[in-house]
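**Student:** Below are the structure tokens for one structure; questions will follow.
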Amino acid sequence: MINLLKRLHEFSFARFLGSGAFNTLATYALYLALLNIMNYKASYTTTYIFGILLSYFLNRHFVFKSTTGARTILLYPLVYLAQYLVSMGVLWLWIDHLHLNEKAAPLIAVIITIPLTYLLSKVIFLNKKII
């Protein structure tokens with residue numbers, strides 16, 4: 001079991017999923033708390049900004065172990081702008097058109113945007129091409 005955990009730790013996508021799970025739990029808890037004082041759009045946007053900051057730290061230091069500073073700081077928000085636009089589309093469709101639960105919507109958005117976020121983050125932190 002320890003060998004398996006060590007091998008998973010060496011794989012950047014596994015680290016990405018682990019840090020993403022932590023980020024998702026933290027931001028989802030914040031989203032639920034903010035729903036008590038603001039609508040879902042404001043709650044999601046506020047939580048999203050917090051999540052970008054947490055994600056940048058986790059991805060740079062834990063997932064990709066990158067030392068490129070200024071370049072990643074400038075480009076990283078573009079990853080989350082793309083993810084935000086896709087996520088808000090998912091929330092809008094899920095809540096306003098399908099009339100499903102607004103508390104579950106961010107989780108669905110995360111599942112849909114994981115591949116996009118990983119690929120764009122990898123390009124930025126490792127200076128790699130997507131294909």
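Chain identifiers are assigned as A, B, and so on, following the order in which chains appear in the structure tokens; residues are numbered from 1 within each chain, and ligands are numbered from 1 in order of appearance.
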DSSP says alpha helix (DSSP H) for which residues of chain A? Put them as a VMD selection string?
**Tutor:** chain A and resid 2 to 10 12 to 34 40 to 58 70 to 91 105 to 126
**Student:** Return as a tab-separated table the residues of segment 36-60 of chain A lying at most 10 Å from segment 79-93 of chain A, together with the closest atom-to-atom pair for each and the distance in Å to one decimal, counting only C-alpha atoms, with rows in chain order and ascending residue number.
**Tutor:**
residue	atom	partner	partner_atom	distance
A:Tyr40	CA	A:Leu91	CA	9.1
A:Lys41	CA	A:Met88	CA	8.4
A:Tyr44	CA	A:Met88	CA	8.6
A:Thr45	CA	A:Tyr84	CA	8.5
A:Tyr48	CA	A:Tyr84	CA	7.7
A:Ile49	CA	A:Tyr80	CA	9.0
A:Gly51	CA	A:Tyr80	CA	9.3
A:Ile52	CA	A:Tyr80	CA	6.8
A:Ser55	CA	A:Tyr80	CA	9.6
A:Tyr56	CA	A:Tyr80	CA	9.9
**Student:** Which residue gives the smallest distance to Leu30 of chain A among A:His61, A:Arg15, A:Arg71, A:Lys103, with only C-alpha atoms counted?
**Tutor:** A:Lys103
